[in-house]
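Remarks on the structure that follows.
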Amino acid sequence: MRRSDCFFGLHFDFHATPYTDGIGTRTLPEKIGEYFDTVKPDFVQVDTKGHPGYASFRSEYGNVAPGLEVDHMKILRAETQKRGILLFGHYSGLEDDCVCQAHPDWAIQNADGTSNTAITDTEGPYTEQVMIPQLLELAGKYGLNGAWVDGENWAALPNYKPEFLAEFYEKTGYTEVVGDNSSAAHLAFYQFCREKFVAYIEKYVKAIHDVYPDFEITSNYACSDLMPEKTLDCLDYYSADVTYQLTERLTVRCFAGLGKTWDVMSWASAGCWRSPGGGFTPVSLKHITRLYREAAMAIAQGGAYQIVNGMTQQGEIRMTEMSLMGELAAFVRARQPFCQHAHPTKNAAVWYSNEDRIRRFDALYPVAQGPAAGMCDIVLDGGRPVDVIYDSVILSDALDS
């Protein structure tokens, strides 16, 4: 089975910190088996390295969480293999707090000349010395089926390292990048940074695929409403986690027109509190009818659906959520024969301009969706279907087909 065969999945992460203790001690095979047998997901995504930068598996590279006691990855791999369930790793890519603080020269440089404490340099040693080796471990040593790489475009920031700026100046002829945010130099610099980010994705994906061609990789929010650019052929699928139904409306329609396997992940809880010891504690679980709507928004456009579930930093799956996930799974499965791999018919379209967003919100990859989201809502609230298209489509011959 491949990701393209999947329709419903579960996601567990807890972002280990140096204060997280007892990792894996509550990863109990019998409980995991009961949960999986009840919910019957096609795939599971599980924590391997969160944004703090501490691996929650036994890695020979980077920084392993000091509180790792039991290799929960092996237990989860065994339980998923028994049931024919694919296993993917949640892995924080561009963002790695620990690496940036231990190796300031591996981080991007802020505009004020200081080293960033969280975001790695796309051309620095981190990618080759930590990220790629750890992903290779997950593919080879643990036999995972793929990786959902998080902390990517939404975390990307412009890099003001002297050598980075020098390359930009040499290639473009500009002599400064600060000042007027709508200036040609400023916008060209942002474009240069985005091109470097795409090259970074292509680099690590190629490095893994050269060794493990069947290891399926995505970069969270790639080619989505946060990154409405031309498709990235190197990625095996597209995916994004969404928090609100109104933003999901646009996200699913962005993915639906790209012609590649995709899914959307929503949160089972209405909010989370992040513990200093690692992990997310749900504030309150969403009502099942809300989860039905969030799932329906994805599968109705031909995508798959996955949901973020609770998992303690000790690797314990919250069994209190099992019955709720079972109900949700039943809802999704009942619609699978009609929705899986469906293609929306061509409709009126909203032009979702990346250039407009960058000018409006002044970021490499703005999180805000902007006016296009409002226009999409107007059409949908009027009872009419709508597609979403990017600048790359407007500027191509695709409108003629």
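Scheme for the structure tokens: letters A, B, ... for chains in order shown; per-chain residue numbers from 1; ligand numbers from 1 in order shown.
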Inset, instruction - List the neighbours of Thr172 of chain A out to 12 Å using only C-alpha atoms; skip same-chain residues closer than 4 positions along the sequence, and give me the result as a list of chain:residue names. - result: A:Leu165, A:Ala166, A:Glu167, A:Phe168, A:Glu176, A:Val177, A:Ala184, A:Ala185, A:His186, A:Leu187, A:Ala188, A:Phe189, A:Gln191, A:Phe192
Inset, instruction - Give me the residues within 9 Å of Ala296 of chain A as a list in words, counting only C-alpha atoms and dropping any in the same chain fewer than 4 places off. - result: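 The residues satisfying every condition are Leu291, Tyr292, Ala300, Gln301, Tyr305, Phe331, Val332 and Arg335 of chain A.
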Legend entry - Cys100 of chain A surroundings by only C-alpha atoms, 12 Å radius, close-in-sequence under 6 positions cut, as a list in words: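 The contact residues come out as His51, Pro52, Gly53, Gly62, Asn63, Leu94, Trp106, Ala107, Ile108, Gln109, Thr114, Ser115, Asn116, Thr117, Ala118, Ile119, Thr120, Asp121, Gly124, Pro125, Tyr126 and Val130 of chain A.
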Writing out the chosen residues with all heavy atoms as a short mmCIF file (atom, residue, chain, number, x, y, z; two decimals), in the first residue's frame:
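In the end it all went to selection_25.cif:
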data_model
loop_
_atom_site.label_atom_id
_atom_site.label_comp_id
_atom_site.auth_asym_id
_atom_site.auth_seq_id
_atom_site.Cartn_x
_atom_site.Cartn_y
_atom_site.Cartn_z
N HIS A 51 9.76 20.55 17.06
CA HIS A 51 10.41 21.83 16.85
C HIS A 51 11.54 22.13 17.85
O HIS A 51 12.52 22.80 17.47
CB HIS A 51 9.37 22.96 16.89
CG HIS A 51 8.25 22.76 15.91
ND1 HIS A 51 8.44 22.21 14.66
CD2 HIS A 51 6.92 23.02 16.00
CE1 HIS A 51 7.29 22.15 14.02
NE2 HIS A 51 6.35 22.63 14.81
N PRO A 52 11.48 21.66 19.10
CA PRO A 52 12.63 21.89 19.99
C PRO A 52 13.92 21.25 19.50
O PRO A 52 15.01 21.62 19.95
CB PRO A 52 12.17 21.27 21.32
CG PRO A 52 10.68 21.38 21.28
CD PRO A 52 10.32 21.12 19.85
N GLY A 53 13.80 20.24 18.61
CA GLY A 53 15.00 19.66 17.99
C GLY A 53 15.50 18.37 18.61
O GLY A 53 16.56 17.88 18.22
N GLY A 62 22.54 14.42 15.47
CA GLY A 62 21.76 15.48 16.09
C GLY A 62 21.66 15.33 17.60
O GLY A 62 22.62 14.92 18.28
N ASN A 63 20.50 15.63 18.13
CA ASN A 63 20.29 15.63 19.57
C ASN A 63 19.14 14.71 19.93
O ASN A 63 18.00 14.93 19.52
CB ASN A 63 19.98 17.05 20.04
CG ASN A 63 21.10 18.03 19.72
OD1 ASN A 63 22.11 18.08 20.39
ND2 ASN A 63 20.90 18.81 18.66
N LEU A 94 12.94 22.47 8.90
CA LEU A 94 13.65 23.75 8.91
C LEU A 94 13.81 24.29 10.33
O LEU A 94 14.82 24.89 10.67
CB LEU A 94 12.89 24.76 8.06
CG LEU A 94 13.62 26.04 7.68
CD1 LEU A 94 14.80 25.73 6.77
CD2 LEU A 94 12.67 27.01 6.98
N TRP A 106 24.88 27.68 12.18
CA TRP A 106 24.01 26.84 11.36
C TRP A 106 22.64 27.47 11.15
O TRP A 106 21.83 26.97 10.37
CB TRP A 106 23.82 25.46 12.01
CG TRP A 106 25.04 24.61 12.02
CD1 TRP A 106 26.34 24.99 11.81
CD2 TRP A 106 25.09 23.19 12.25
NE1 TRP A 106 27.19 23.91 11.92
CE2 TRP A 106 26.45 22.80 12.19
CE3 TRP A 106 24.12 22.23 12.53
CZ2 TRP A 106 26.86 21.46 12.37
CZ3 TRP A 106 24.53 20.91 12.71
CH2 TRP A 106 25.88 20.53 12.62
N ALA A 107 22.37 28.55 11.86
CA ALA A 107 21.07 29.21 11.78
C ALA A 107 21.10 30.35 10.78
O ALA A 107 22.18 30.80 10.35
CB ALA A 107 20.68 29.75 13.16
N ILE A 108 19.93 30.82 10.39
CA ILE A 108 19.88 32.02 9.56
C ILE A 108 20.27 33.22 10.42
O ILE A 108 20.29 33.14 11.65
CB ILE A 108 18.48 32.25 8.97
CG1 ILE A 108 17.44 32.48 10.08
CG2 ILE A 108 18.06 31.10 8.07
CD1 ILE A 108 16.13 33.04 9.58
N GLN A 109 20.58 34.32 9.77
CA GLN A 109 20.91 35.54 10.50
C GLN A 109 19.75 36.52 10.38
O GLN A 109 19.20 36.71 9.30
CB GLN A 109 22.19 36.18 9.93
CG GLN A 109 22.67 37.40 10.70
CD GLN A 109 24.07 37.82 10.27
OE1 GLN A 109 25.01 37.04 10.35
NE2 GLN A 109 24.19 39.06 9.81
N THR A 114 21.96 39.34 14.50
CA THR A 114 22.00 38.22 15.45
C THR A 114 21.62 36.92 14.76
O THR A 114 20.94 36.91 13.72
CB THR A 114 21.04 38.48 16.62
OG1 THR A 114 19.70 38.62 16.12
CG2 THR A 114 21.42 39.73 17.37
N SER A 115 22.04 35.82 15.36
CA SER A 115 21.68 34.51 14.84
C SER A 115 20.29 34.13 15.34
O SER A 115 19.98 34.33 16.51
CB SER A 115 22.69 33.45 15.27
OG SER A 115 23.94 33.68 14.68
N ASN A 116 19.48 33.59 14.45
CA ASN A 116 18.15 33.16 14.86
C ASN A 116 18.26 31.95 15.77
O ASN A 116 19.14 31.10 15.58
CB ASN A 116 17.31 32.82 13.63
CG ASN A 116 15.83 32.69 13.94
OD1 ASN A 116 15.38 31.65 14.38
ND2 ASN A 116 15.09 33.76 13.72
N THR A 117 17.40 31.84 16.75
CA THR A 117 17.49 30.77 17.73
C THR A 117 16.63 29.55 17.39
O THR A 117 16.56 28.62 18.18
CB THR A 117 17.08 31.27 19.12
OG1 THR A 117 15.73 31.78 19.06
CG2 THR A 117 18.02 32.36 19.61
N ALA A 118 16.00 29.56 16.22
CA ALA A 118 15.10 28.45 15.90
C ALA A 118 15.17 27.97 14.46
O ALA A 118 14.97 26.78 14.19
CB ALA A 118 13.65 28.84 16.21
N ILE A 119 15.48 28.85 13.51
CA ILE A 119 15.35 28.51 12.09
C ILE A 119 16.72 28.28 11.47
O ILE A 119 17.59 29.16 11.49
CB ILE A 119 14.59 29.60 11.32
CG1 ILE A 119 13.28 29.94 12.02
CG2 ILE A 119 14.35 29.17 9.88
CD1 ILE A 119 12.36 28.74 12.24
N THR A 120 16.91 27.10 10.91
CA THR A 120 18.19 26.72 10.32
C THR A 120 18.38 27.36 8.94
O THR A 120 17.42 27.71 8.26
CB THR A 120 18.29 25.20 10.18
OG1 THR A 120 17.20 24.71 9.39
CG2 THR A 120 18.26 24.52 11.55
N ASP A 121 19.64 27.47 8.58
CA ASP A 121 20.03 27.99 7.26
C ASP A 121 19.81 26.88 6.23
O ASP A 121 20.31 25.76 6.39
CB ASP A 121 21.51 28.40 7.31
CG ASP A 121 22.00 29.05 6.02
OD1 ASP A 121 21.32 28.94 4.99
OD2 ASP A 121 23.09 29.64 6.06
N GLY A 124 23.06 25.60 5.20
CA GLY A 124 24.03 25.31 6.24
C GLY A 124 24.24 23.82 6.45
O GLY A 124 23.60 22.98 5.80
N PRO A 125 25.12 23.47 7.40
CA PRO A 125 25.47 22.06 7.65
C PRO A 125 24.33 21.21 8.19
O PRO A 125 24.36 19.98 8.09
CB PRO A 125 26.60 22.16 8.69
CG PRO A 125 27.12 23.54 8.57
CD PRO A 125 25.95 24.38 8.20
N TYR A 126 23.30 21.83 8.78
CA TYR A 126 22.23 21.07 9.43
C TYR A 126 21.59 20.05 8.51
O TYR A 126 21.37 18.90 8.90
CB TYR A 126 21.17 22.05 9.95
CG TYR A 126 19.84 21.41 10.26
CD1 TYR A 126 19.65 20.66 11.42
CD2 TYR A 126 18.76 21.55 9.39
CE1 TYR A 126 18.41 20.08 11.70
CE2 TYR A 126 17.53 20.98 9.66
CZ TYR A 126 17.36 20.24 10.81
OH TYR A 126 16.15 19.66 11.08
N VAL A 130 22.50 16.49 10.00
CA VAL A 130 21.47 16.05 10.95
C VAL A 130 20.23 15.55 10.24
O VAL A 130 19.82 14.40 10.40
CB VAL A 130 21.10 17.19 11.93
CG1 VAL A 130 19.97 16.72 12.86
CG2 VAL A 130 22.30 17.62 12.75
#
Inset, instruction - Mind checking which residues fall within 9 Å of Thr38 of chain A, counting only C-alpha atoms, ignoring those fewer than 2 positions away in the same chain, and posting them as an MDAnalysis selection string? - result: chainID A and resid 33:36 40:41 322:323 325:326
Export, as a CSV table (one decimal), in the first residue's frame, the selected residues with C-alpha atoms.
chain,number,residue,atom,x,y,z
A,33,GLY,CA,-3.2,-2.6,19.3
A,34,GLU,CA,-6.7,-2.1,20.8
A,35,TYR,CA,-6.8,1.5,19.5
A,36,PHE,CA,-5.7,0.6,16.0
A,40,LYS,CA,-8.6,1.0,11.7
A,41,PRO,CA,-6.5,3.8,10.1
A,322,MET,CA,-10.7,6.0,21.0
A,323,SER,CA,-14.5,5.8,20.8
A,325,MET,CA,-12.0,8.3,16.7
A,326,GLY,CA,-14.0,5.2,15.9
Legend entry - Residues near Ile75 of chain A, cut-off 10 Å, only C-alpha atoms, skip fewer than 4 positions along chain, as a PyMOL selection string: chain A and resi 24+27-29+32+70-71+79-81
